[in-house]
Amino acid sequence: MKKLLLVFIISFLALGLYAQETDEPALAQGEVPADSVVEELEAVAAESAETAQAQAYVQEQNEWEAEPEPKGKKTVFAVVLDYFTLPGTTRHNEAIRYIDFGFNVGGGFGNSLIGGSDILKKEVVIDLDSWNDKITSSGVDIGFDASFHQFLDVNFRESGWGAGEFVNVDGRGDVNLPKSLFDLLSKGNLEGDHNMSGEFAVSGAVFADAGFRWYGTFLNKKLRVGVAPAYYVPLVYVPKSTLKYELDAESGLYVEVGGNLDLYNIFSDSSTLGGGGDISLNGEYALFPIIDVGGTISHIPIVPAKLANGKKFKVNGIMIDKKDQSLFDGIGDIGEITTEDGEAIDDRFVVRPLRFDFYVLYRPFRRDFLTIKPSIGFTVLNPSEEAYFNGALEAQLNVARILFVTLGTGVEEGYWRHKLGFAVDARVFEFDITAGLKSQDYLKSYQLGGAEVTVGLKFGF
C-alpha cells in the first residue's frame, strides 16, 4: 500500500510539471512566434525613424544652402556686384512732356588779364608789373559769345522715340594781345627807344542753322541714339586776321592800330548766300542700372558753306591818345576807328566747329535724385584755328522731376567755366536759368574775369 501511494504521488508531480510546460498554446504550422514579430516590428520602426531623420537632415541642408547669405557674410566682390547690378528706378531717358516747345538765349564774356577783384574795390590800383608777371607767353585773350536756340519736339514716351525741329544762332569773337605790348607798358624799353610796333590777332563768326532731329531707343530701351542733320549759314565770318599796332611812350602814351581785316558779311550782299550742311550724332547706353555711358559728335561736315561775299577792310584808328599826359590821369581820348571797303577777296569754304564729347552718367542712389556727370572731349574751333581740350564735372539734383539744381565746373573751348543752374518744371511750362563765371585763365575764372548767363522757357503737355 505504501508503495502504491508513493507511485501515485510521483505520478501526480510529474503530471503537474508536464502541464506547466504546456500552458502556452501550440503554434500552427508555419506560424512565427509572437516575440519574433515584436522584435521585427521594432527593427522596422527603428529603421524608418533613421530614414526620416536622414531625410530631415538632407532637407535642412538644402534649405540652408538655398537661403541667401546674411549681409555680414557677403564677400566684397558680391557686395560690389550687387551695387552695380541690382535694378534701379531711373527715368532719365523718359521725356517729361509729349510736346516740348521752347527757346533759350544766352551770352557771356571773358578775359585772362583783369578780374573783378582788381576793379570792384574802393580804390583801384593799376599795378602793371603785377599784371605783366601773370601774363603767359601766349598773351592776353579777350572773348565774347552769344546764342539763341528755338526748338519743337514731339516725344512718344511709351515707345521711347521722338522727333523735332530746331533753329539756332551762335556767335563768338576772340582777340589776342601779345605779351610784348604789356612788357613795354610795365617795364618800358630798356634800350631807350620809346616807339614800338607789334601785332595782335582777331577772329570771329556768327552761324545760323536750322534742321530736324530724331531719336530712338533699342535693346529694351537700354540704348538711345539720335541724329540731327542741319543746314547752316555763316552770317558773319572773320577768319583769323592780324592787325598792327604802333605805340609811342616817349611822352605819355599813344597807341594807333591799323591793318587789313578780312570780313565775310552776308548782310552786304544777300544774293551771295552760300550755306552748307552737317550732321550731329549722339548715343547713350545703360551699362549698369546706375551707370550710363554716352557720346556726341557735333557738326560733322557733309557739304561746306561757300562764302563769296568777302572783302578786305582797311582798319585805321587811335586806341589811346594820352600824349603829354600822365598814364593814370583818366583814360584819355579814344580816337575814331574807321574801316574802308577794300578789294574783294577769294571765295572761302567754311565748316562749323567740330566737337567730340564722351560722358558718364552715374546715379549713386540708384534713382534720378542725384546724377553725377564727368565728361571729356575736344573742339576744333573755327575760325580761330585753335583746338581745345574739354573736361568737366557736373552734378544735378532732381526733386520729384519738379525742381532741378545743376552745379558744374571744368574747361570748355578755351574757357574755364563754373556754373550754377536752376530749373522749375510745372509740366505745362518750365523755366531754366544758368549763371556762371568764366575766363581763359584758371585763377581769373574765380575772380570775375568773365561771366555768362542763359535763360530758357519750355511749354508743352
# chains A, B, ... in the order shown; residues from 1 in each chain; ligands from 1

$ residues_around --residues "Leu223 of chain A" --least-positions-apart "3" --cutoff "6 Å" --atoms "only C-alpha atoms" --output "PyMOL selection string"
chain A and resi 217-219+284-285

$ closest_atom_pairs --of "segment 106-209 of chain A" --to "segment 343-359 of chain A" --cutoff "12 Å" --atoms "only C-alpha atoms" --output "tab-separated table"
residue	atom	partner	partner_atom	distance
A:Asp170	CA	A:Arg352	CA	10.5
A:Gly171	CA	A:Arg352	CA	11.2
A:Arg172	CA	A:Pro353	CA	11.1
A:Gly204	CA	A:Pro353	CA	11.8
A:Ala205	CA	A:Arg352	CA	9.5
A:Val206	CA	A:Arg352	CA	10.0
A:Phe207	CA	A:Arg352	CA	7.9
A:Ala208	CA	A:Arg352	CA	10.3
A:Asp209	CA	A:Arg352	CA	10.2

$ residues_around --residues "segment 235-238 of chain A" --least-positions-apart "5" --cutoff "12 Å" --atoms "only C-alpha atoms" --output "ChimeraX atom specification"
/A:169-175,201-209,260-270,272-275,305-313,348-352,382-385

$ write_last_selection --atoms "C-alpha atoms" --output "compact mmCIF listing (two decimals), in the first residue's frame"
# COMPACT_ATOMS: atom_id res chain seq x y z
CA VAL A 169 22.11 131.33 -83.94
CA ASP A 170 25.54 131.14 -82.30
CA GLY A 171 28.28 133.77 -82.33
CA ARG A 172 31.75 134.07 -80.89
CA GLY A 173 34.64 136.54 -81.15
CA ASP A 174 38.24 136.35 -79.91
CA VAL A 175 41.06 138.86 -79.59
CA ALA A 201 45.03 138.58 -83.73
CA VAL A 202 41.28 138.94 -84.26
CA SER A 203 38.74 136.28 -85.28
CA GLY A 204 35.01 135.67 -85.01
CA ALA A 205 31.93 134.17 -86.60
CA VAL A 206 28.15 134.08 -86.35
CA PHE A 207 26.43 130.93 -87.62
CA ALA A 208 22.71 130.38 -88.15
CA ASP A 209 21.37 126.88 -88.67
CA ASN A 260 43.68 144.71 -93.11
CA LEU A 261 40.73 142.73 -91.81
CA ASP A 262 39.11 140.04 -93.94
CA LEU A 263 35.35 140.01 -93.46
CA TYR A 264 32.61 137.89 -95.00
CA ASN A 265 29.30 139.59 -94.28
CA ILE A 266 26.07 138.19 -95.63
CA PHE A 267 24.24 141.45 -95.00
CA SER A 268 26.36 143.28 -97.55
CA ASP A 269 25.15 141.09 -100.41
CA SER A 270 22.46 138.53 -99.60
CA THR A 272 25.75 135.52 -102.39
CA LEU A 273 24.13 133.40 -99.67
CA GLY A 274 26.03 130.16 -99.54
CA GLY A 275 25.10 127.61 -96.91
CA ALA A 305 29.43 126.51 -96.94
CA LYS A 306 30.82 128.62 -99.77
CA LEU A 307 31.35 132.30 -98.96
CA ALA A 308 31.57 134.58 -101.97
CA ASN A 309 30.87 137.94 -100.34
CA GLY A 310 34.22 138.66 -98.72
CA LYS A 311 36.03 141.97 -98.68
CA LYS A 312 39.29 143.17 -97.26
CA PHE A 313 38.69 146.11 -94.94
CA ARG A 348 36.15 130.62 -98.99
CA PHE A 349 34.77 127.24 -97.90
CA VAL A 350 33.72 127.19 -94.26
CA VAL A 351 32.70 124.43 -91.86
CA ARG A 352 31.37 124.82 -88.34
CA ASN A 382 36.64 127.70 -86.47
CA PRO A 383 37.61 130.47 -87.32
CA SER A 384 40.24 130.95 -84.60
CA GLU A 385 42.04 127.86 -85.95

$ closest_residue --among "A:Ser439, A:Asn398, A:Thr136, A:Asn168" --to "Tyr231 of chain A" --atoms "only C-alpha atoms"
A:Asn168

$ closest_residue --among "A:Thr90, A:Gln150, A:Asn316, A:Phe144" --to "Gly110 of chain A" --atoms "only C-alpha atoms"
A:Phe144

$ atom_distance --atom1 "atom CA of Ser147 of chain A" --atom2 "atom CA of Phe103 of chain A"
10.5 Å

$ closest_residue --among "A:Ile297, A:Ser375, A:Asp432, A:Gly139" --to "Ile402 of chain A" --atoms "only C-alpha atoms"
A:Asp432

$ residues_around --residues "Val105 of chain A" --least-positions-apart "4" --cutoff "8 Å" --atoms "only C-alpha atoms" --output "VMD selection string"
chain A and resid 146 to 149 454 to 456

$ residues_around --residues "Gly258 of chain A" --least-positions-apart "6" --cutoff "7 Å" --atoms "only C-alpha atoms" --output "mmCIF file with C-alpha atoms, in the first residue's frame"
data_model
loop_
_atom_site.group_PDB
_atom_site.id
_atom_site.type_symbol
_atom_site.label_atom_id
_atom_site.label_comp_id
_atom_site.auth_asym_id
_atom_site.auth_seq_id
_atom_site.Cartn_x
_atom_site.Cartn_y
_atom_site.Cartn_z
ATOM 1 C CA LEU A 243 46.231 143.833 -87.099
ATOM 2 C CA LYS A 244 49.222 146.017 -86.301
ATOM 3 C CA TYR A 245 49.662 148.477 -83.504
ATOM 4 C CA VAL A 315 41.242 149.441 -90.330
ATOM 5 C CA ASN A 316 42.798 152.639 -89.017
ATOM 6 C CA GLY A 317 42.334 154.427 -85.746
#

$ residues_around --residues "segment 413-421 of chain A" --least-positions-apart "2" --cutoff "10 Å" --atoms "only C-alpha atoms" --output "PyMOL selection string"
chain A and resi 109-112+141+143+355+377-381+386-396+404-411+423+432-446+450-455

$ write_last_selection --atoms "C-alpha atoms" --output "tab-separated table (two decimals), in the first residue's frame"
chain	number	residue	atom	x	y	z
A	109	PHE	CA	32.43	137.34	-71.98
A	110	GLY	CA	35.81	136.61	-70.50
A	111	ASN	CA	39.39	137.79	-70.33
A	112	SER	CA	42.62	136.41	-68.94
A	141	ASP	CA	42.86	136.70	-74.50
A	143	GLY	CA	36.44	136.93	-75.93
A	355	ARG	CA	33.34	118.81	-81.35
A	377	GLY	CA	36.36	115.75	-75.27
A	378	PHE	CA	37.87	118.29	-77.64
A	379	THR	CA	36.84	121.01	-80.06
A	380	VAL	CA	38.40	122.17	-83.31
A	381	LEU	CA	37.25	125.78	-83.29
A	386	GLU	CA	42.54	126.54	-82.42
A	387	ALA	CA	41.98	123.08	-80.92
A	388	TYR	CA	40.82	122.89	-77.32
A	389	PHE	CA	40.58	120.10	-74.77
A	390	ASN	CA	37.27	119.90	-72.89
A	391	GLY	CA	36.82	118.37	-69.46
A	392	ALA	CA	34.02	118.96	-66.97
A	393	LEU	CA	32.29	117.57	-63.89
A	394	GLU	CA	28.61	118.23	-63.36
A	395	ALA	CA	26.12	117.20	-60.67
A	396	GLN	CA	22.34	117.53	-60.81
A	404	PHE	CA	16.35	120.65	-60.86
A	405	VAL	CA	19.57	122.09	-59.47
A	406	THR	CA	22.79	121.81	-61.51
A	407	LEU	CA	26.33	122.57	-60.41
A	408	GLY	CA	29.26	122.24	-62.82
A	409	THR	CA	32.91	123.13	-63.30
A	410	GLY	CA	35.52	122.48	-65.96
A	411	VAL	CA	37.24	123.78	-69.07
A	423	ALA	CA	15.00	124.71	-63.45
A	432	ASP	CA	15.51	127.47	-66.67
A	433	ILE	CA	18.29	129.81	-65.65
A	434	THR	CA	22.01	129.12	-65.52
A	435	ALA	CA	24.68	131.59	-64.48
A	436	GLY	CA	28.40	131.19	-64.13
A	437	LEU	CA	31.89	132.57	-64.05
A	438	LYS	CA	34.32	132.12	-66.93
A	439	SER	CA	37.79	133.14	-68.02
A	440	GLN	CA	40.57	131.89	-70.23
A	441	ASP	CA	42.77	131.92	-67.11
A	442	TYR	CA	42.02	129.43	-64.33
A	443	LEU	CA	42.57	131.80	-61.40
A	444	LYS	CA	40.72	134.66	-63.09
A	445	SER	CA	37.71	132.37	-63.55
A	446	TYR	CA	37.21	132.57	-59.77
A	450	GLY	CA	34.19	136.97	-67.02
A	451	ALA	CA	30.60	135.82	-66.65
A	452	GLU	CA	27.81	134.16	-68.60
A	453	VAL	CA	24.07	133.63	-68.23
A	454	THR	CA	21.47	131.56	-70.08
A	455	VAL	CA	17.68	131.79	-69.68

$ residues_around --residues "Gly160 of chain A" --least-positions-apart "4" --cutoff "12 Å" --atoms "only C-alpha atoms" --output "PyMOL selection string"
chain A and resi 91-96+98+154-156+214-226

$ atom_distance --atom1 "atom CA of Ser298 of chain A" --atom2 "atom CA of Tyr362 of chain A"
23.1 Å
